[in-house]
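Novice: Input structure: my_file15.cif, which contains mmCIF, C-alpha atoms and all ligand atoms.
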```cif
data_structure
#
loop_
_atom_site.label_atom_id
_atom_site.label_comp_id
_atom_site.auth_asym_id
_atom_site.auth_seq_id
_atom_site.Cartn_x
_atom_site.Cartn_y
_atom_site.Cartn_z
CA MET A 11 9.94 22.35 14.27
CA ASP A 12 9.91 19.04 16.08
CA ALA A 13 7.43 16.16 16.03
CA ALA A 14 5.21 17.67 18.72
CA GLU A 15 4.88 20.89 16.71
CA VAL A 16 4.05 18.95 13.52
CA ILE A 17 1.28 17.11 15.38
CA GLY A 18 0.12 20.32 17.08
CA ARG A 19 -0.25 22.06 13.72
CA CYS A 20 -2.27 19.15 12.30
CA ARG A 21 -4.60 19.42 15.28
CA ALA A 22 -4.81 23.22 14.84
CA LEU A 23 -5.94 22.74 11.23
CA ALA A 24 -8.55 20.20 12.39
CA ALA A 25 -10.45 23.16 13.86
CA CYS A 26 -10.99 24.48 10.32
CA THR A 27 -14.19 22.57 9.58
CA GLU A 28 -17.58 22.84 7.86
CA GLU A 29 -19.18 20.88 10.70
CA PRO A 30 -18.46 22.05 14.27
CA GLY A 31 -17.73 19.00 16.41
CA HIS A 32 -16.42 17.07 13.41
CA ILE A 33 -13.49 17.44 10.97
CA THR A 34 -15.03 17.99 7.53
CA ARG A 35 -13.22 20.16 4.97
CA THR A 36 -14.09 19.65 1.32
CA PHE A 37 -12.88 21.27 -1.90
CA LEU A 38 -12.70 25.09 -1.57
CA SER A 39 -15.15 25.16 1.32
CA PRO A 40 -15.05 28.30 3.54
CA PRO A 41 -12.76 26.77 6.23
CA MET A 42 -10.10 26.33 3.52
CA ARG A 43 -9.50 30.11 3.73
CA GLU A 44 -8.35 29.79 7.34
CA VAL A 45 -6.23 26.79 6.34
CA HIS A 46 -4.55 28.91 3.66
CA ARG A 47 -3.95 31.67 6.23
CA LEU A 48 -2.41 29.33 8.81
CA VAL A 49 -0.39 27.17 6.41
CA GLY A 50 0.74 30.25 4.47
CA GLY A 51 2.01 31.77 7.70
CA TRP A 52 3.90 28.63 8.68
CA MET A 53 5.37 28.33 5.19
CA GLY A 54 6.47 31.98 5.31
CA SER A 55 8.13 31.47 8.71
CA ALA A 56 10.02 28.54 7.23
CA GLY A 57 11.45 30.87 4.59
CA LEU A 58 9.23 29.65 1.74
CA ARG A 59 7.82 31.93 -0.98
CA VAL A 60 4.07 31.32 -0.72
CA SER A 61 1.40 31.32 -3.44
CA ILE A 62 -2.09 29.92 -3.94
CA ASP A 63 -2.94 28.63 -7.41
CA ALA A 64 -6.24 28.76 -9.30
CA VAL A 65 -7.53 25.47 -7.86
CA GLY A 66 -6.62 26.44 -4.29
CA ASN A 67 -3.37 24.47 -3.92
CA ILE A 68 -1.08 26.35 -1.52
CA ARG A 69 2.59 26.22 -2.44
CA GLY A 70 5.83 27.34 -0.80
CA VAL A 71 9.13 27.40 -2.69
CA SER A 72 12.66 27.73 -1.35
CA GLY A 73 15.87 28.10 -3.34
CA ALA A 74 16.20 28.20 -7.13
CA GLY A 75 16.73 25.73 -9.97
CA PRO A 76 15.87 22.00 -9.88
CA ARG A 77 13.85 21.21 -6.79
CA LEU A 78 12.09 18.44 -4.92
CA MET A 79 8.35 18.70 -4.22
CA ILE A 80 7.01 17.56 -0.87
CA GLY A 81 3.25 17.50 -0.48
CA SER A 82 -0.09 15.98 0.32
CA HIS A 83 -3.71 17.14 0.59
CA LEU A 84 -5.45 19.61 2.92
CA ASP A 85 -9.03 18.51 2.29
CA THR A 86 -10.68 15.75 4.32
CA VAL A 87 -13.46 13.20 4.12
CA ARG A 88 -16.57 13.87 6.26
CA HIS A 89 -16.03 13.28 9.98
CA ALA A 90 -12.33 12.74 9.33
CA GLY A 91 -9.25 12.47 11.47
CA ALA A 92 -6.63 15.20 11.85
CA PHE A 93 -3.72 13.61 9.98
CA ASP A 94 -4.80 12.10 6.62
CA GLY A 95 -3.07 14.37 4.09
CA ILE A 96 -2.43 17.26 6.47
CA LEU A 97 0.50 15.48 8.12
CA GLY A 98 2.36 15.32 4.79
CA VAL A 99 2.08 19.06 4.27
CA MET A 100 3.25 19.81 7.81
CA MET A 101 6.16 17.41 7.30
CA GLY A 102 7.16 19.43 4.23
CA VAL A 103 7.08 22.69 6.18
CA ALA A 104 9.08 21.13 9.04
CA LEU A 105 11.75 19.82 6.66
CA ALA A 106 11.93 23.19 4.86
CA GLN A 107 12.50 24.83 8.25
CA ARG A 108 15.59 22.63 8.71
CA HIS A 109 17.13 24.23 5.60
CA PRO A 110 18.04 21.10 3.63
CA PRO A 111 20.72 21.36 0.93
CA CYS A 112 18.21 21.09 -1.95
CA ALA A 113 15.65 23.54 -3.31
CA LEU A 114 12.12 22.61 -2.25
CA GLU A 115 8.50 23.17 -3.18
CA VAL A 116 6.00 22.27 -0.44
CA ILE A 117 2.44 21.86 -1.74
CA GLY A 118 -0.87 21.46 0.07
CA PHE A 119 -3.40 20.12 -2.44
CA SER A 120 -6.87 21.62 -2.27
CA GLU A 121 -8.72 18.39 -3.01
CA GLU A 122 -7.74 14.71 -3.05
CA GLU A 123 -10.67 12.89 -1.45
CA GLY A 124 -13.33 13.64 -4.07
CA VAL A 125 -16.03 14.31 -1.45
CA ARG A 126 -17.60 17.48 -2.87
CA PHE A 127 -17.98 16.54 -6.54
CA GLY A 128 -17.27 12.81 -6.55
CA THR A 129 -14.10 13.35 -8.60
CA PRO A 130 -10.91 12.95 -6.53
CA PHE A 131 -7.42 14.41 -6.99
CA LEU A 132 -8.56 17.81 -8.35
CA GLY A 133 -5.51 19.55 -6.83
CA SER A 134 -2.85 17.19 -8.16
CA LEU A 135 -4.63 16.77 -11.52
CA ALA A 136 -4.31 20.53 -12.04
CA LEU A 137 -0.62 20.24 -11.08
CA VAL A 138 0.01 17.66 -13.81
CA GLY A 139 -1.89 19.73 -16.36
CA THR A 140 -5.15 17.77 -16.59
CA PRO A 141 -7.88 20.21 -17.70
CA LEU A 142 -10.63 20.73 -15.10
CA VAL A 143 -13.76 21.67 -17.04
CA GLU A 144 -16.79 20.34 -15.12
CA PRO A 145 -19.07 23.40 -14.62
CA PRO A 146 -19.73 22.79 -10.89
CA ILE A 147 -15.96 22.71 -10.28
CA ILE A 148 -15.41 25.89 -12.26
CA GLU A 149 -18.25 27.55 -10.35
CA ALA A 150 -16.77 26.49 -7.00
CA ILE A 151 -13.40 27.95 -8.02
CA ARG A 152 -15.05 31.27 -8.92
CA ALA A 153 -17.15 31.28 -5.73
CA PHE A 154 -13.96 30.91 -3.69
CA GLY A 155 -12.57 34.00 -5.42
CA LEU A 156 -10.11 32.23 -7.72
CA ASP A 157 -9.88 32.55 -11.50
CA PRO A 158 -10.54 29.35 -13.50
CA GLU A 159 -8.92 30.97 -16.53
CA ARG A 160 -5.62 30.66 -14.64
CA ILE A 161 -5.87 26.92 -13.95
CA PRO A 162 -3.18 26.17 -16.59
CA GLU A 163 -0.74 28.25 -14.50
CA ALA A 164 -1.11 25.64 -11.73
CA ALA A 165 0.83 23.16 -13.86
CA MET A 166 4.05 21.87 -12.31
CA SER A 167 7.22 23.86 -12.97
CA ALA A 168 9.85 22.16 -15.11
CA ASP A 169 12.18 22.78 -12.17
CA VAL A 170 10.34 20.12 -10.13
CA LYS A 171 12.36 16.92 -10.55
CA GLY A 172 10.88 14.65 -7.93
CA TYR A 173 8.05 14.26 -5.41
CA VAL A 174 7.86 12.72 -1.95
CA GLU A 175 4.76 12.31 0.20
CA PHE A 176 4.69 11.47 3.90
CA HIS A 177 1.35 9.92 4.88
CA ILE A 178 -0.21 7.86 7.63
CA GLU A 179 -0.62 4.22 6.56
CA GLN A 180 -4.35 4.32 7.34
CA GLY A 181 -4.29 0.58 7.97
CA PRO A 182 -3.15 -2.01 10.54
CA VAL A 183 0.03 -3.43 8.93
CA LEU A 184 2.83 -1.35 10.51
CA GLU A 185 1.26 -1.52 13.96
CA SER A 186 0.88 -5.31 13.65
CA LEU A 187 4.60 -5.55 12.79
CA GLY A 188 5.65 -3.09 15.50
CA LEU A 189 7.24 -0.80 12.90
CA PRO A 190 7.19 3.02 12.81
CA LEU A 191 7.61 3.49 9.06
CA GLY A 192 6.76 1.80 5.74
CA VAL A 193 8.29 2.28 2.29
CA VAL A 194 5.53 2.37 -0.33
CA GLU A 195 6.46 0.31 -3.39
CA ALA A 196 3.13 0.77 -5.21
CA ILE A 197 -0.33 2.29 -4.84
CA ALA A 198 -3.34 0.12 -5.67
CA GLY A 199 -5.51 1.15 -8.60
CA GLN A 200 -9.05 2.26 -7.98
CA SER A 201 -12.36 2.55 -9.82
CA ARG A 202 -15.00 4.92 -8.51
CA LEU A 203 -18.51 4.92 -10.02
CA GLU A 204 -22.00 6.17 -9.31
CA VAL A 205 -24.61 3.42 -9.90
CA ARG A 206 -28.29 4.43 -10.23
CA PHE A 207 -31.27 2.06 -9.85
CA ASN A 208 -34.61 3.37 -11.17
CA GLY A 209 -37.94 1.71 -10.29
CA HIS A 210 -41.32 3.14 -9.42
CA ALA A 211 -42.22 5.07 -6.29
CA ASN A 212 -45.57 4.01 -4.83
CA HIS A 213 -47.63 3.78 -1.65
CA ALA A 214 -45.95 1.57 1.00
CA GLY A 215 -49.33 0.46 2.35
CA THR A 216 -51.39 -0.28 -0.71
CA THR A 217 -48.84 -1.73 -3.17
CA PRO A 218 -48.66 -5.55 -3.03
CA MET A 219 -45.12 -6.96 -2.85
CA SER A 220 -45.60 -8.71 -6.21
CA LEU A 221 -46.37 -5.42 -7.97
CA ARG A 222 -43.44 -3.38 -6.70
CA ARG A 223 -40.43 -1.97 -8.54
CA ASP A 224 -38.51 -1.09 -5.41
CA ALA A 225 -35.20 0.61 -6.26
CA LEU A 226 -33.92 0.41 -2.70
CA ALA A 227 -34.62 -3.32 -2.32
CA GLY A 228 -32.83 -3.87 -5.63
CA ALA A 229 -29.86 -1.79 -4.51
CA ALA A 230 -29.74 -3.69 -1.22
CA GLU A 231 -29.56 -7.04 -3.03
CA TRP A 232 -26.78 -5.62 -5.23
CA ILE A 233 -24.78 -4.29 -2.27
CA ALA A 234 -24.74 -7.80 -0.79
CA LEU A 235 -23.44 -9.02 -4.17
CA VAL A 236 -20.66 -6.39 -4.09
CA GLU A 237 -19.53 -7.63 -0.68
CA ARG A 238 -19.64 -11.29 -1.78
CA GLU A 239 -17.55 -10.52 -4.88
CA ALA A 240 -14.90 -8.71 -2.81
CA CYS A 241 -14.76 -11.40 -0.13
CA ALA A 242 -14.30 -14.06 -2.81
CA THR A 243 -11.36 -12.33 -4.54
CA ALA A 244 -7.92 -12.19 -2.90
CA GLY A 245 -6.59 -8.65 -2.57
CA LEU A 246 -9.83 -7.00 -3.72
CA VAL A 247 -11.76 -4.42 -1.72
CA ALA A 248 -15.12 -3.04 -2.85
CA THR A 249 -17.25 -0.55 -0.97
CA VAL A 250 -20.65 1.09 -1.30
CA GLY A 251 -20.20 4.00 1.09
CA LYS A 252 -22.91 6.41 -0.01
CA LEU A 253 -26.57 5.66 -0.75
CA GLU A 254 -29.33 8.13 -1.56
CA ALA A 255 -32.94 6.92 -1.94
CA GLN A 256 -35.69 9.07 -3.43
CA PRO A 257 -38.14 10.26 -2.24
CA GLY A 258 -36.56 8.97 0.98
CA VAL A 259 -39.62 8.78 3.22
CA ALA A 260 -40.83 5.83 5.30
CA ASN A 261 -44.22 5.28 3.68
CA VAL A 262 -43.12 5.49 0.03
CA ILE A 263 -41.47 2.70 -1.95
CA ALA A 264 -38.16 4.13 -3.24
CA GLY A 265 -38.43 5.05 -6.91
CA SER A 266 -34.72 5.70 -7.43
CA VAL A 267 -31.42 5.11 -5.68
CA ARG A 268 -27.94 6.56 -6.26
CA ALA A 269 -25.09 4.43 -4.89
CA SER A 270 -21.33 5.01 -4.84
CA LEU A 271 -19.02 2.15 -5.79
CA ASP A 272 -15.29 2.06 -4.88
CA VAL A 273 -13.26 -0.95 -6.13
CA ARG A 274 -9.52 -1.41 -5.57
CA HIS A 275 -6.82 -3.96 -6.28
CA ALA A 276 -3.02 -3.91 -6.73
CA ARG A 277 -3.44 -5.51 -10.19
CA ASP A 278 -5.47 -3.51 -12.71
CA GLN A 279 -6.79 -6.47 -14.68
CA GLU A 280 -8.17 -8.04 -11.47
CA ARG A 281 -9.87 -4.78 -10.61
CA ALA A 282 -11.37 -4.48 -14.11
CA ARG A 283 -12.69 -8.05 -13.91
CA ALA A 284 -14.30 -7.36 -10.55
CA VAL A 285 -15.94 -4.12 -11.73
CA ALA A 286 -17.38 -5.94 -14.76
CA ALA A 287 -18.72 -8.74 -12.53
CA ILE A 288 -20.29 -6.25 -10.09
CA LEU A 289 -21.96 -4.24 -12.86
CA GLY A 290 -23.15 -7.44 -14.54
CA GLY A 291 -24.74 -8.40 -11.26
CA ALA A 292 -26.50 -5.04 -11.10
CA GLU A 293 -27.94 -5.61 -14.58
CA ARG A 294 -29.22 -9.11 -13.68
CA ILE A 295 -30.83 -7.91 -10.44
CA ALA A 296 -32.42 -4.94 -12.20
CA ALA A 297 -33.80 -7.12 -15.01
CA ARG A 298 -35.36 -9.57 -12.57
CA ARG A 299 -36.92 -6.77 -10.52
CA GLY A 300 -38.19 -4.67 -13.41
CA LEU A 301 -35.75 -1.86 -12.59
CA LYS A 302 -33.49 0.16 -14.85
CA VAL A 303 -29.81 0.47 -13.89
CA GLU A 304 -27.20 2.88 -15.22
CA TRP A 305 -23.79 3.98 -14.03
CA GLU A 306 -21.25 6.75 -14.44
CA THR A 307 -17.52 6.24 -14.00
CA ARG A 308 -15.98 8.98 -11.84
CA LEU A 309 -12.44 7.64 -11.69
CA GLU A 310 -10.41 4.94 -13.40
CA GLN A 311 -6.98 5.20 -11.73
CA PRO A 312 -4.42 2.49 -12.61
CA ALA A 313 -2.10 1.10 -9.96
CA VAL A 314 1.14 3.09 -9.84
CA ALA A 315 4.64 1.94 -8.88
CA MET A 316 6.66 4.26 -6.63
CA GLN A 317 10.36 5.10 -7.10
CA PHE A 318 11.19 3.96 -3.59
CA ALA A 319 14.95 3.21 -3.66
CA GLY A 320 16.00 6.64 -2.38
CA VAL A 321 13.49 6.59 0.47
CA GLU A 322 14.53 3.04 1.34
CA ARG A 323 18.19 4.09 1.56
CA ALA A 324 17.21 7.05 3.75
CA VAL A 325 15.27 4.76 6.12
CA GLU A 326 18.35 2.51 6.43
CA ALA A 327 20.70 5.49 6.83
CA ALA A 328 18.52 6.84 9.65
CA GLY A 329 18.75 3.45 11.38
CA TYR A 330 15.16 2.21 10.98
CA PRO A 331 13.96 -1.16 9.69
CA VAL A 332 12.80 -1.18 6.06
CA HIS A 333 9.34 -2.59 5.32
CA ARG A 334 8.06 -2.32 1.76
CA MET A 335 4.30 -2.28 1.26
CA VAL A 336 1.51 -1.59 -1.23
CA SER A 337 -0.89 1.22 -0.40
CA GLY A 338 -4.58 0.30 -0.53
CA ALA A 339 -5.41 3.99 -0.14
CA GLY A 340 -5.03 6.33 -3.10
CA HIS A 341 -2.68 9.28 -2.80
CA ASP A 342 -1.65 12.37 -4.76
CA ALA A 343 1.68 10.63 -5.37
CA MET A 344 -0.07 8.35 -7.88
CA ILE A 345 -1.08 11.39 -9.94
CA VAL A 346 2.22 13.26 -9.66
CA ALA A 347 4.12 10.05 -10.60
CA CYS A 348 3.00 10.51 -14.22
CA ARG A 349 5.30 13.58 -14.41
CA VAL A 350 8.23 13.04 -12.02
CA PRO A 351 9.68 10.16 -9.93
CA ALA A 352 7.43 9.89 -6.86
CA ALA A 353 8.03 8.24 -3.49
CA MET A 354 6.00 7.77 -0.32
CA LEU A 355 6.88 7.07 3.29
CA PHE A 356 4.14 5.73 5.57
CA LEU A 357 3.88 6.39 9.29
CA ARG A 358 2.20 3.81 11.57
CA SER A 359 -1.53 4.28 12.20
CA PRO A 360 -2.30 3.45 15.85
CA GLY A 361 -5.31 1.11 15.88
CA GLY A 362 -5.14 0.95 12.09
CA ILE A 363 -7.87 3.61 12.05
CA SER A 364 -8.33 6.35 9.46
CA HIS A 365 -11.12 8.39 7.86
CA HIS A 366 -12.34 8.55 11.46
CA PRO A 367 -11.94 11.00 14.37
CA ASP A 368 -9.78 8.41 16.23
CA GLU A 369 -7.12 8.63 13.48
CA ALA A 370 -3.77 9.30 15.18
CA VAL A 371 0.02 9.34 14.78
CA LEU A 372 2.78 8.76 17.35
CA PRO A 373 5.26 11.56 18.12
CA GLU A 374 8.16 9.08 17.96
CA ASP A 375 7.08 8.00 14.47
CA VAL A 376 6.88 11.62 13.31
CA ALA A 377 10.38 12.15 14.73
CA ALA A 378 11.55 9.05 12.83
CA ALA A 379 9.96 10.33 9.61
CA LEU A 380 11.64 13.74 10.06
CA ALA A 381 15.03 12.04 10.50
CA VAL A 382 14.45 9.89 7.40
CA GLY A 383 13.18 12.93 5.50
CA MET A 384 16.36 14.87 6.21
CA ARG A 385 18.49 11.90 5.12
CA PHE A 386 16.47 11.74 1.93
CA LEU A 387 16.84 15.45 1.22
CA GLU A 388 20.57 15.39 1.97
CA SER A 389 21.14 12.65 -0.60
CA TRP A 390 18.48 13.67 -3.19
CA ARG A 391 19.80 14.72 -6.58
CA ALA A 392 17.63 15.92 -9.43
CA ALA A 393 17.41 13.03 -11.90
O1 LIG B 401 -9.76 7.01 -0.50
C1 LIG B 401 -8.55 7.03 -0.53
O2 LIG B 401 -7.94 6.12 -1.02
C2 LIG B 401 -7.80 8.21 0.00
O3 LIG B 401 -8.05 8.36 1.35
N1 LIG B 401 -8.15 9.37 -0.73
MN MN B 402 -8.14 9.93 2.74
MN MN B 403 -4.86 10.91 2.15
#
```
Mind turning this structure into structure tokens?

Specialist:
Amino acid sequence: MDAAEVIGRCRALAACTEEPGHITRTFLSPPMREVHRLVGGWMGSAGLRVSIDAVGNIRGVSGAGPRLMIGSHLDTVRHAGAFDGILGVMMGVALAQRHPPCALEVIGFSEEEGVRFGTPFLGSLALVGTPLVEPPIIEAIRAFGLDPERIPEAAMSADVKGYVEFHIEQGPVLESLGLPLGVVEAIAGQSRLEVRFNGHANHAGTTPMSLRRDALAGAAEWIALVEREACATAGLVATVGKLEAQPGVANVIAGSVRASLDVRHARDQERARAVAAILGGAERIAARRGLKVEWETRLEQPAVAMQFAGVERAVEAAGYPVHRMVSGAGHDAMIVACRVPAAMLFLRSPGGISHHPDEAVLPEDVAAALAVGMRFLESWRAA
């Protein structure tokens, strides 16, 4: 299976979508069945023993005894590209097909993005034994035809001794340096929250400006504060990507607003400081406007260092320049790293674009990653 086939399979899976004309595939949505059928077939052809666990992770194992896990996620954001996550699973299948000297487990996680329920990493959390108990998640598992009672069986086998994830960089760095590959030394920590502003819905025509408790105007002022805080802090990114106003009609002052908040930084204490400053700002704005504000934390994920020495040696052995970098995007590797040594190899993102239909990958970079992957597998020894 060469680079063109890896890319072709990613594009084939892009057709498995909830929204014709777009690539949208969330946790255990109907198109995931076709993904399981296609990926299961490709895994089987590569000589892997295929299974699907109780949270919808699809897994293929070859050989016996201590093994290396290669994986990434099969879900997408809304209106996604074809390679975020999916490429890493297809890389695992392609490397398995080349019959490396070590036993392998290739895993396609059912959910990393957190789009459906706001909680990311459901697939890899089940792998590391984190209980999934939220009723909507349990209901979705049942509705897909899986058995939530068997979630504990999804926990990682003791035979798994390491994890490697191939992933597009999703940013502009490698392209700006003219490099095909990047060695990930750490993954930035992230905080994800839902922030709710509550005011008072009223008539847009008859309510004087001085008498309003406009939740959407309050949220708007706060969103500008979020952006100012991030721009003023080196290495910090903060995003409000989702906003829902109720009742959401033109001639009614919004009574309530739900906003997402995503804050990331390579250093956890910097991220915590920023989150506190942003939430303090929300409280001050709400107090001045006569609104109530509350929030719910959906994810507090510390920054995680990667065990990158082996991947770095493989990049050198395959004859490519080594460039170490921190990942601003979160990845399943940061969850799996709490159980086994985890490494990541980035592939250049043309245009630095991701979470967008224009997301792409270059065949020559996939070929480079396959060559590095084989070097890594040939030298990998269970720690
Ligand atoms: O949002 C992220 O960091 C990743 O794409 N899940
Ligand atoms: Mn993503
Ligand atoms: Mn991803």

Novice: Just give me the gap between CA of Asp342 (chain A) and CA of Pro141 (chain A) in Å, one decimal is fine.

Specialist: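 A separation of 16.4 Å between them.
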
Novice: Counting only C-alpha atoms and all ligand atoms, which of A:Arg385, A:Arg35, A:Arg223, A:Arg206 gets nearest to ligand MN 402 (chain B)?

Specialist: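 Ranking A:Arg385, A:Arg35, A:Arg223, A:Arg206 by distance to ligand MN 402 (chain B), first place goes to A:Arg35.
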
Novice: Could you work out how far CA of His83 (chain A) lies from CA of Pro351 (chain A), giving the answer in Å with one decimal?

Specialist: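 Rounded to one decimal, the two atoms are 18.4 Å apart.
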
Novice: Residues within 7 Å of ligand MN 403 (chain B) should be enumerated using all atoms listed in the file and returned as number ranges by chain.

Specialist: A: 83, 94-95, 177, 340-341

Novice: So which residues are near ligand MN 402 (chain B), meaning at most 12 Å away with only C-alpha atoms and all ligand atoms counted, given back as a short mmCIF file (atom, residue, chain, number, x, y, z; two decimals) with C-alpha atoms, in the coordinates of the input?

Specialist:
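What follows is the written file result_36.cif:
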```cif
data_model
loop_
_atom_site.label_atom_id
_atom_site.label_comp_id
_atom_site.auth_asym_id
_atom_site.auth_seq_id
_atom_site.Cartn_x
_atom_site.Cartn_y
_atom_site.Cartn_z
CA THR A 34 -15.03 17.99 7.53
CA ARG A 35 -13.22 20.16 4.97
CA THR A 36 -14.09 19.65 1.32
CA SER A 82 -0.09 15.98 0.32
CA HIS A 83 -3.71 17.14 0.59
CA LEU A 84 -5.45 19.61 2.92
CA ASP A 85 -9.03 18.51 2.29
CA THR A 86 -10.68 15.75 4.32
CA VAL A 87 -13.46 13.20 4.12
CA ARG A 88 -16.57 13.87 6.26
CA HIS A 89 -16.03 13.28 9.98
CA ALA A 90 -12.33 12.74 9.33
CA GLY A 91 -9.25 12.47 11.47
CA ALA A 92 -6.63 15.20 11.85
CA PHE A 93 -3.72 13.61 9.98
CA ASP A 94 -4.80 12.10 6.62
CA GLY A 95 -3.07 14.37 4.09
CA ILE A 96 -2.43 17.26 6.47
CA LEU A 97 0.50 15.48 8.12
CA GLY A 98 2.36 15.32 4.79
CA GLU A 121 -8.72 18.39 -3.01
CA GLU A 122 -7.74 14.71 -3.05
CA GLU A 123 -10.67 12.89 -1.45
CA GLY A 124 -13.33 13.64 -4.07
CA VAL A 125 -16.03 14.31 -1.45
CA PRO A 130 -10.91 12.95 -6.53
CA PHE A 131 -7.42 14.41 -6.99
CA HIS A 177 1.35 9.92 4.88
CA ILE A 178 -0.21 7.86 7.63
CA GLU A 179 -0.62 4.22 6.56
CA GLN A 180 -4.35 4.32 7.34
CA GLY A 181 -4.29 0.58 7.97
CA SER A 337 -0.89 1.22 -0.40
CA GLY A 338 -4.58 0.30 -0.53
CA ALA A 339 -5.41 3.99 -0.14
CA GLY A 340 -5.03 6.33 -3.10
CA HIS A 341 -2.68 9.28 -2.80
CA ASP A 342 -1.65 12.37 -4.76
CA ILE A 363 -7.87 3.61 12.05
CA SER A 364 -8.33 6.35 9.46
CA HIS A 365 -11.12 8.39 7.86
CA HIS A 366 -12.34 8.55 11.46
CA GLU A 369 -7.12 8.63 13.48
#
```

Novice: Compare A:Lys252, A:Arg202, A:Arg281, A:Arg358 by their minimum atom-to-atom distance to ligand LIG 401 (chain B), counting only C-alpha atoms and all ligand atoms, and give me the closest one.

Specialist: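 Using only C-alpha atoms and all ligand atoms, ligand LIG 401 (chain B) sits closest to A:Arg202.
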
Novice: For a quick check of understanding, using only C-alpha atoms, which of A:Ile345, A:Ser61, A:Ala56, A:Leu38 has the smallest distance to Ile148 (chain A)?

Specialist: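 Among the listed residues, A:Leu38 lies closest to Ile148 (chain A).
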
Novice: Ranking A:Leu235, A:Cys20, A:Ala227, A:Leu137 by minimum distance to Met101 (chain A) and counting all atoms listed in the file, which one comes first?

Specialist: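 Looking at the shortest contact to Met101 (chain A), the residue is A:Cys20.
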
Novice: Considering all atoms listed in the file, can you say which of A:Val193, A:Ala296, A:Ile147, A:Ala343 comes closest to Ile117 (chain A)?

Specialist: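 Closest to Ile117 (chain A), using all atoms listed in the file: A:Ala343.
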
Novice: Let me make sure I understand: among A:Leu355, A:Met100, A:Ala248, A:Ile68, which one has the smallest atom-to-atom distance to ligand LIG 401 (chain B) if we use all atoms listed in the file?

Specialist: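 Among the listed residues, the smallest separation from ligand LIG 401 (chain B) belongs to A:Ala248.
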
Novice: Between CA of Ser120 (chain A) and CA of Pro373 (chain A), what is the distance, to one decimal in Å?

Specialist: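 Going from CA of Ser120 (chain A) over to CA of Pro373 (chain A) covers 25.8 Å.
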
Novice: Give me, as number ranges by chain, all polymer residues having an atom no more than 7 Å from Pro158 (chain A), counting all atoms listed in the file and skipping those fewer than 5 positions away in the same chain.

Specialist: A: 64, 148, 151-152

Novice: Now that the selection is made, can you save its residues with C-alpha atoms as a short mmCIF file (atom, residue, chain, number, x, y, z; two decimals), in the coordinates of the input?

Specialist:
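Heads up, here's the output in result-v7.cif:
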```cif
data_model
loop_
_atom_site.label_atom_id
_atom_site.label_comp_id
_atom_site.auth_asym_id
_atom_site.auth_seq_id
_atom_site.Cartn_x
_atom_site.Cartn_y
_atom_site.Cartn_z
CA ALA A 64 -6.24 28.76 -9.30
CA ILE A 148 -15.41 25.89 -12.26
CA ILE A 151 -13.40 27.95 -8.02
CA ARG A 152 -15.05 31.27 -8.92
#
```

Novice: Could you pull the residues within 9 Å of His46 (chain A), counting only C-alpha atoms, minus those fewer than 6 positions along the same chain, as a list in words?

Specialist: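 Listing them by chain and then by number gives Ile62, Gly66, Asn67 and Ile68 of chain A.
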